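**Student:** Handing you this structure, nothing more for now.
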Amino acid sequence: MEDFAAAYGDRVRAVAERLVRFETTAGDEAPAQEWVGDRLADLNFETYTWTADADALASHPSFAPARDLSTEDRPSVAGVLELGDPDAGRTLVLNGHVDVVPAGESGWTGDPFEPRWEGDRLIGRGAVDMKSQLAICVFAARYLADLVEAGEFDLDGRIVVESVAGEEDGGIGAATAARSNPYPFERDAAVVAEPTDMRVVTATEGCLMGRIGIEGTPAHAARRWEGESVLPAFERVRRAFVDLEAERADAVTHPLYDRFDVPWPIVIGRVEAGTWASNVPGTLTAEFRAGVAPGESLDSVEAACRDALDDLAAADDWTVDPPTLGRFGVQFESAEIDPDEPVVVALRESMAAAGLPRAEPVGETYGSDARHYIEAGIPTVVFGPGRIEEAHFPDESIRWPDVLTAGEVLVETARRFLSD
């Protein structure tokens, strides 16, 4: 038979382009998911659909601090192909998410939701995170089934392709699939095809989402000496978190993160202060993200942040109320699997067969839906084309030859895993 790129390369490209045209920001995934479900059915997948239950997610530690998380009309879809005697073999899940972050309007040199090409690069929102990968998951599964049907080799088992919703909101589709199995069979392993720059990622970082409150004393700008601005206090908080980040980089170590100078970043991403330009600002709210190392808990990282704030408030020259700290939004737990898991071994062997370097497992400083499956006892590795540095940015793009190579690797990974 033809190789993967020759057999399905044009269709992978067409599906990736069509997916980019769907503006699948949070809450708007349904039209794209209906389209994906129809394409899976056209390719002879047995299809499944599920929607997250908001009340059930409220009891999940990742989602409990979130307020008004929307799950209505945000379906996740999947297609299943059965090979040989499916009950006699393993089941492998190839997972991708259909949702994207908002594009905004600045920095783009074209319509974010109109795919375009510059040389061998596909440009558009979702091109790298992660609609190209979702397309190769679909056709890698289909190609593997074609090989079996053509008698190229015998395989027993199942291959599942998932297109989940709400990954950017913490993984509402994947969390639901992990906790409430939507299939009438068990799953033995999964590959989440996020952009890893063709690296094998067996550990993903968690993140604490925190909100800091500072209360000072407001005053009329004409009598500013009567008030106590929160801004100097916030600058001390910011410096304390810079110091905490450096301390944690030295104190918290992990062998898969040695390549990072800042393995556990702490970023204050949003600040709002004051109520009026001619007043001394008496209130401030700052929201931050703190990295959580594999093996660490969210509680321990929160305690470290809280201790840093307490030390500031205890200083003799602290002049406003003690800062408060609480969680907000979706929290990400860290996750890690043994590099000797069969799915990791199959992936690494497949990369070597394709002549790809860098098959040694690494850790990543971002979180992914892998954590939900790992928590449910399903060994999950993260692997895909594209660089995370391209994601969430204007003119997001992916190098197309890498997409097709990754498709070949996924085909061979599935073959080796299901053959074992």
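Chain labels run A, B, ... following the order of the structure tokens; each chain numbers its residues from 1, and ligands are numbered from 1 in the order shown.
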As a ChimeraX atom specification, which residues of range 255-301 of chain A does DSSP assign to alpha helix (DSSP H)?
**Tutor:** /A:298-301
**Student:** Which residues come within 8 Å of range 217-228 of chain A, counting only C-alpha atoms, excluding same-chain residues fewer than 3 positions away, as number ranges by chain?
**Tutor:** A: 278-283, 319-320
**Student:** Would you write out those residues with C-alpha atoms, as a CSV table (one decimal), in the first residue's frame?
**Tutor:**
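Result file is result.csv:
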```
chain,number,residue,atom,x,y,z
A,278,SER,CA,-7.8,61.2,40.7
A,279,ASN,CA,-7.9,59.0,43.8
A,280,VAL,CA,-5.1,57.2,45.6
A,281,PRO,CA,-5.7,53.6,44.8
A,282,GLY,CA,-7.0,51.8,47.9
A,283,THR,CA,-7.7,48.4,46.4
A,319,THR,CA,1.9,49.8,55.7
A,320,VAL,CA,-1.3,48.3,54.3
```
**Student:** At a cut-off of 12 Å, using only C-alpha atoms, what residues contact range 146-156 of chain A? Leave out same-chain residues fewer than 6 positions from it and give the result as a ChimeraX atom specification.
**Tutor:** /A:1-4,7-8,43-44,81-92,139-140,411-412,414-420
**Student:** Write out as a tab-separated table the residues of range 292-402 of chain A that have any atom within 8 Å of an atom of range 193-213 of chain A, one row each with the nearest atom pair and its distance in Å to one decimal, counting only C-alpha atoms, sorted by chain and then rising number.
**Tutor:**
```
residue	atom	partner	partner_atom	distance
A:Val292	CA	A:Gly206	CA	4.5
A:Ala293	CA	A:Glu205	CA	5.4
A:Pro294	CA	A:Glu205	CA	6.0
A:Leu298	CA	A:Leu208	CA	6.1
A:Val301	CA	A:Leu208	CA	7.3
A:Glu302	CA	A:Leu208	CA	7.1
A:Pro323	CA	A:Gly213	CA	5.5
A:Thr324	CA	A:Gly213	CA	5.0
A:Leu325	CA	A:Ile212	CA	4.6
A:Gly326	CA	A:Arg211	CA	5.4
A:Arg327	CA	A:Gly210	CA	4.4
A:Phe328	CA	A:Gly210	CA	5.8
A:Gly329	CA	A:Met209	CA	6.6
A:Val330	CA	A:Met209	CA	7.1
A:Gln331	CA	A:Leu208	CA	5.7
A:Phe332	CA	A:Gly206	CA	4.7
A:Glu333	CA	A:Gly206	CA	4.4
A:Ser334	CA	A:Gly206	CA	3.8
A:Ala335	CA	A:Thr204	CA	5.4
A:Glu336	CA	A:Ala203	CA	4.1
A:Ile337	CA	A:Thr202	CA	5.6
A:Asp338	CA	A:Thr202	CA	7.3
A:Pro339	CA	A:Thr202	CA	6.7
A:Val344	CA	A:Val200	CA	7.8
A:Leu347	CA	A:Val200	CA	7.8
A:Arg348	CA	A:Val200	CA	7.3
A:Arg358	CA	A:Arg199	CA	6.1
A:Ala359	CA	A:Val200	CA	6.0
A:Glu360	CA	A:Val200	CA	6.6
A:Pro361	CA	A:Val200	CA	4.9
A:Val362	CA	A:Val201	CA	5.0
A:Gly363	CA	A:Ala203	CA	4.5
A:Glu364	CA	A:Thr204	CA	5.0
A:Thr365	CA	A:Glu205	CA	5.0
A:Tyr366	CA	A:Glu205	CA	5.3
A:Gly367	CA	A:Glu205	CA	5.2
A:Ser368	CA	A:Thr204	CA	6.9
A:Arg371	CA	A:Thr204	CA	7.7
A:Thr380	CA	A:Thr202	CA	7.7
A:Val381	CA	A:Thr202	CA	5.4
A:Val382	CA	A:Val201	CA	5.0
A:Phe383	CA	A:Ala193	CA	5.0
A:Gly384	CA	A:Ala193	CA	4.6
A:Pro385	CA	A:Pro195	CA	5.1
A:Gly386	CA	A:Pro195	CA	4.6
A:Arg387	CA	A:Asp197	CA	4.8
A:Ile388	CA	A:Pro195	CA	5.7
```
**Student:** For C-alpha atoms, I'd like the residues from the last selection saved as a short mmCIF file (atom, residue, chain, number, x, y, z; two decimals), in the first residue's frame.
**Tutor:**
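Here's the written file out.cif:
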```cif
data_model
loop_
_atom_site.label_atom_id
_atom_site.label_comp_id
_atom_site.auth_asym_id
_atom_site.auth_seq_id
_atom_site.Cartn_x
_atom_site.Cartn_y
_atom_site.Cartn_z
CA VAL A 292 3.48 22.88 40.10
CA ALA A 293 6.20 20.26 39.63
CA PRO A 294 5.36 16.60 39.00
CA LEU A 298 -1.37 22.35 44.57
CA VAL A 301 2.61 25.45 46.20
CA GLU A 302 -0.24 27.55 47.55
CA PRO A 323 -2.61 40.65 51.48
CA THR A 324 -5.19 37.91 50.94
CA LEU A 325 -4.78 34.89 48.68
CA GLY A 326 -7.33 32.50 47.21
CA ARG A 327 -7.70 30.21 44.23
CA PHE A 328 -9.81 31.06 41.21
CA GLY A 329 -10.66 29.39 37.94
CA VAL A 330 -9.56 25.94 36.86
CA GLN A 331 -6.58 24.36 38.59
CA PHE A 332 -4.18 21.99 36.82
CA GLU A 333 -2.64 19.07 38.68
CA SER A 334 0.75 17.84 37.52
CA ALA A 335 1.00 14.39 35.93
CA GLU A 336 3.68 11.83 35.15
CA ILE A 337 3.91 8.26 33.90
CA ASP A 338 6.70 5.68 33.94
CA PRO A 339 8.82 5.88 30.77
CA VAL A 344 5.83 5.12 25.71
CA LEU A 347 6.19 5.63 20.68
CA ARG A 348 9.93 5.79 21.20
CA ARG A 358 15.17 13.26 20.81
CA ALA A 359 13.24 10.12 21.74
CA GLU A 360 14.31 10.38 25.39
CA PRO A 361 11.33 11.34 27.57
CA VAL A 362 11.14 14.94 28.79
CA GLY A 363 8.88 17.03 30.98
CA GLU A 364 6.95 20.11 29.88
CA THR A 365 6.09 23.31 31.72
CA TYR A 366 2.51 23.32 30.46
CA GLY A 367 -0.45 21.20 31.48
CA SER A 368 -2.55 19.00 29.24
CA ARG A 371 -3.51 14.44 33.54
CA THR A 380 -0.98 8.67 28.67
CA VAL A 381 1.94 10.15 26.77
CA VAL A 382 1.99 13.54 25.03
CA PHE A 383 3.45 13.73 21.54
CA GLY A 384 2.81 15.80 18.44
CA PRO A 385 4.21 18.13 15.79
CA GLY A 386 4.59 21.85 16.29
CA ARG A 387 6.13 24.04 18.96
CA ILE A 388 4.23 25.30 21.99
#
```
**Student:** Distance CA of Pro401 in chain A-CA of Val161 in chain A, one decimal place?
**Tutor:**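 One can read the CA of Pro401 in chain A to CA of Val161 in chain A distance as 21.7 Å.
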**Student:** Given the choices A:Thr405, A:Asp188, A:Arg248, A:Arg179, which gets closest to Asp261 in chain A if the distance is worked out from only C-alpha atoms?
**Tutor:**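 Answer, going by the shortest atom-to-atom distance: A:Arg248.
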**Student:** Give me, as a ChimeraX atom specification, the residues of range 64-241 of chain A that a backbone DSSP run labels strand (DSSP E or B).
**Tutor:** /A:76-83,90-97,116-118,121-123,157-164,189-192,201-204,206-215,217,219-220,228
**Student:** Would you put the residues from that selection into a file with N, CA and C atoms, as a compact mmCIF listing (two decimals), in the first residue's frame?
**Tutor:**
```
# COMPACT_ATOMS: atom_id res chain seq x y z
N SER A 76 -18.29 16.71 23.18
CA SER A 76 -17.07 16.03 22.73
C SER A 76 -17.51 14.84 21.88
N VAL A 77 -16.72 14.52 20.88
CA VAL A 77 -17.07 13.41 20.00
C VAL A 77 -15.88 12.49 19.85
N ALA A 78 -16.16 11.24 19.51
CA ALA A 78 -15.10 10.26 19.31
C ALA A 78 -15.53 9.27 18.25
N GLY A 79 -14.54 8.68 17.62
CA GLY A 79 -14.78 7.61 16.66
C GLY A 79 -13.96 6.39 17.05
N VAL A 80 -14.52 5.21 16.88
CA VAL A 80 -13.86 3.96 17.25
C VAL A 80 -13.77 3.06 16.03
N LEU A 81 -12.60 2.52 15.81
CA LEU A 81 -12.38 1.49 14.79
C LEU A 81 -11.97 0.20 15.49
N GLU A 82 -12.65 -0.88 15.18
CA GLU A 82 -12.34 -2.19 15.75
C GLU A 82 -11.50 -2.98 14.77
N LEU A 83 -10.46 -3.61 15.28
CA LEU A 83 -9.50 -4.35 14.47
C LEU A 83 -9.49 -5.81 14.90
N ARG A 90 -5.75 -4.77 22.86
CA ARG A 90 -5.77 -3.53 23.63
C ARG A 90 -6.60 -2.45 22.94
N THR A 91 -6.85 -1.38 23.68
CA THR A 91 -7.50 -0.19 23.14
C THR A 91 -6.59 1.00 23.35
N LEU A 92 -6.32 1.73 22.27
CA LEU A 92 -5.49 2.93 22.31
C LEU A 92 -6.33 4.13 21.91
N VAL A 93 -6.23 5.20 22.70
CA VAL A 93 -6.93 6.45 22.42
C VAL A 93 -5.94 7.46 21.84
N LEU A 94 -6.33 8.08 20.73
CA LEU A 94 -5.61 9.24 20.18
C LEU A 94 -6.48 10.45 20.44
N ASN A 95 -5.97 11.37 21.24
CA ASN A 95 -6.79 12.46 21.75
C ASN A 95 -6.32 13.81 21.22
N GLY A 96 -7.30 14.63 20.83
CA GLY A 96 -7.03 16.02 20.47
C GLY A 96 -8.19 16.89 20.92
N HIS A 97 -7.95 18.17 21.07
CA HIS A 97 -9.04 19.08 21.45
C HIS A 97 -9.35 20.01 20.30
N ARG A 116 -4.19 29.90 5.75
CA ARG A 116 -3.37 30.30 4.62
C ARG A 116 -2.00 29.66 4.78
N TRP A 117 -1.27 29.68 3.70
CA TRP A 117 0.01 28.99 3.66
C TRP A 117 1.13 29.96 3.33
N GLU A 118 2.24 29.79 4.03
CA GLU A 118 3.49 30.47 3.67
C GLU A 118 4.53 29.38 3.53
N ARG A 121 4.24 26.08 5.73
CA ARG A 121 3.63 26.34 7.02
C ARG A 121 2.16 26.70 6.87
N LEU A 122 1.31 26.04 7.67
CA LEU A 122 -0.10 26.38 7.75
C LEU A 122 -0.26 27.41 8.85
N ILE A 123 -0.96 28.51 8.54
CA ILE A 123 -1.16 29.61 9.48
C ILE A 123 -2.64 29.76 9.77
N GLY A 157 -7.84 -5.45 18.59
CA GLY A 157 -7.96 -4.32 19.50
C GLY A 157 -8.83 -3.22 18.92
N ARG A 158 -8.71 -2.07 19.52
CA ARG A 158 -9.49 -0.90 19.09
C ARG A 158 -8.57 0.33 19.08
N ILE A 159 -8.91 1.24 18.18
CA ILE A 159 -8.26 2.55 18.19
C ILE A 159 -9.37 3.59 18.23
N VAL A 160 -9.24 4.52 19.17
CA VAL A 160 -10.24 5.54 19.42
C VAL A 160 -9.64 6.90 19.09
N VAL A 161 -10.39 7.71 18.37
CA VAL A 161 -9.98 9.09 18.12
C VAL A 161 -10.96 10.01 18.82
N GLU A 162 -10.44 10.85 19.70
CA GLU A 162 -11.28 11.78 20.45
C GLU A 162 -11.05 13.22 20.01
N SER A 163 -12.14 13.93 19.83
CA SER A 163 -12.12 15.38 19.62
C SER A 163 -12.88 15.99 20.79
N VAL A 164 -12.13 16.45 21.79
CA VAL A 164 -12.78 16.90 23.03
C VAL A 164 -12.93 18.41 23.04
N ALA A 189 -4.46 2.76 27.07
CA ALA A 189 -3.45 3.82 27.01
C ALA A 189 -3.97 4.91 26.08
N ALA A 190 -3.29 6.06 26.14
CA ALA A 190 -3.68 7.17 25.28
C ALA A 190 -2.46 7.96 24.86
N VAL A 191 -2.59 8.60 23.71
CA VAL A 191 -1.63 9.60 23.24
C VAL A 191 -2.39 10.91 23.08
N VAL A 192 -1.95 11.94 23.78
CA VAL A 192 -2.50 13.28 23.59
C VAL A 192 -1.56 14.00 22.64
N VAL A 201 6.80 13.38 25.74
CA VAL A 201 6.55 14.06 27.01
C VAL A 201 5.82 13.10 27.95
N THR A 202 6.50 12.73 29.03
CA THR A 202 5.90 11.81 30.01
C THR A 202 5.56 12.51 31.31
N ALA A 203 5.87 13.79 31.43
CA ALA A 203 5.53 14.55 32.63
C ALA A 203 5.05 15.93 32.20
N THR A 204 3.94 16.36 32.75
CA THR A 204 3.42 17.70 32.49
C THR A 204 3.23 18.43 33.80
N GLY A 206 1.76 21.09 36.56
CA GLY A 206 0.47 21.62 36.98
C GLY A 206 0.57 23.11 37.17
N CYS A 207 -0.54 23.74 37.49
CA CYS A 207 -0.48 25.17 37.79
C CYS A 207 -1.55 25.55 38.80
N LEU A 208 -1.13 26.36 39.73
CA LEU A 208 -2.02 26.98 40.70
C LEU A 208 -2.44 28.32 40.14
N MET A 209 -3.74 28.53 40.06
CA MET A 209 -4.28 29.83 39.65
C MET A 209 -4.73 30.55 40.91
N GLY A 210 -4.07 31.66 41.23
CA GLY A 210 -4.32 32.37 42.48
C GLY A 210 -4.70 33.82 42.27
N ARG A 211 -5.43 34.33 43.24
CA ARG A 211 -5.85 35.74 43.21
C ARG A 211 -5.42 36.40 44.52
N ILE A 212 -4.69 37.50 44.41
CA ILE A 212 -4.20 38.25 45.56
C ILE A 212 -5.02 39.52 45.71
N GLY A 213 -5.40 39.84 46.94
CA GLY A 213 -6.09 41.08 47.23
C GLY A 213 -5.28 41.95 48.17
N ILE A 214 -5.17 43.23 47.87
CA ILE A 214 -4.46 44.19 48.73
C ILE A 214 -5.38 45.36 49.01
N GLU A 215 -5.50 45.72 50.28
CA GLU A 215 -6.34 46.84 50.71
C GLU A 215 -5.46 47.91 51.34
N THR A 217 -5.55 52.55 51.74
CA THR A 217 -6.46 53.62 52.17
C THR A 217 -6.65 54.61 51.03
N ALA A 219 -7.78 57.96 48.99
CA ALA A 219 -7.83 59.39 49.35
C ALA A 219 -7.92 60.21 48.07
N HIS A 220 -8.40 61.42 48.19
CA HIS A 220 -8.44 62.33 47.05
C HIS A 220 -7.01 62.62 46.60
N GLU A 228 -3.09 55.69 51.56
CA GLU A 228 -2.00 54.71 51.52
C GLU A 228 -2.19 53.89 50.24
```
**Student:** Neighbouring residues of Ile268 in chain A were defined as those with any atom within 9 Å, considering only C-alpha atoms; residues of the same chain fewer than 6 positions away were excluded. Please report them as JSON, numbers by chain.
**Tutor:** {"A": [238, 241, 286, 287, 288, 289, 290]}
**Student:** A:Met351, A:Leu410, A:Leu244, A:Ala30: which is nearest Cys137 in chain A, counting only C-alpha atoms?
**Tutor:**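 That would be A:Leu410, the residue with the smallest distance to Cys137 in chain A.
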**Student:** Using only C-alpha atoms for the distances, tell me which of A:Leu69, A:Ala26, A:Ile398, A:Ala370 is nearest to Gly126 in chain A.
**Tutor:**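 Selected residue with least distance to Gly126 in chain A: A:Ile398.
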**Student:** Quick one, how far is CA of Cys305 in chain A from CA of Phe260 in chain A?
**Tutor:** 21.1 Å
**Student:** May I have the residues within 9 Å of Val237 in chain A as a list in words, using only C-alpha atoms and disregarding those fewer than 6 positions away in the same chain?
**Tutor:**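 That gives Ala308, Leu309, Leu312 and Pro323 of chain A.
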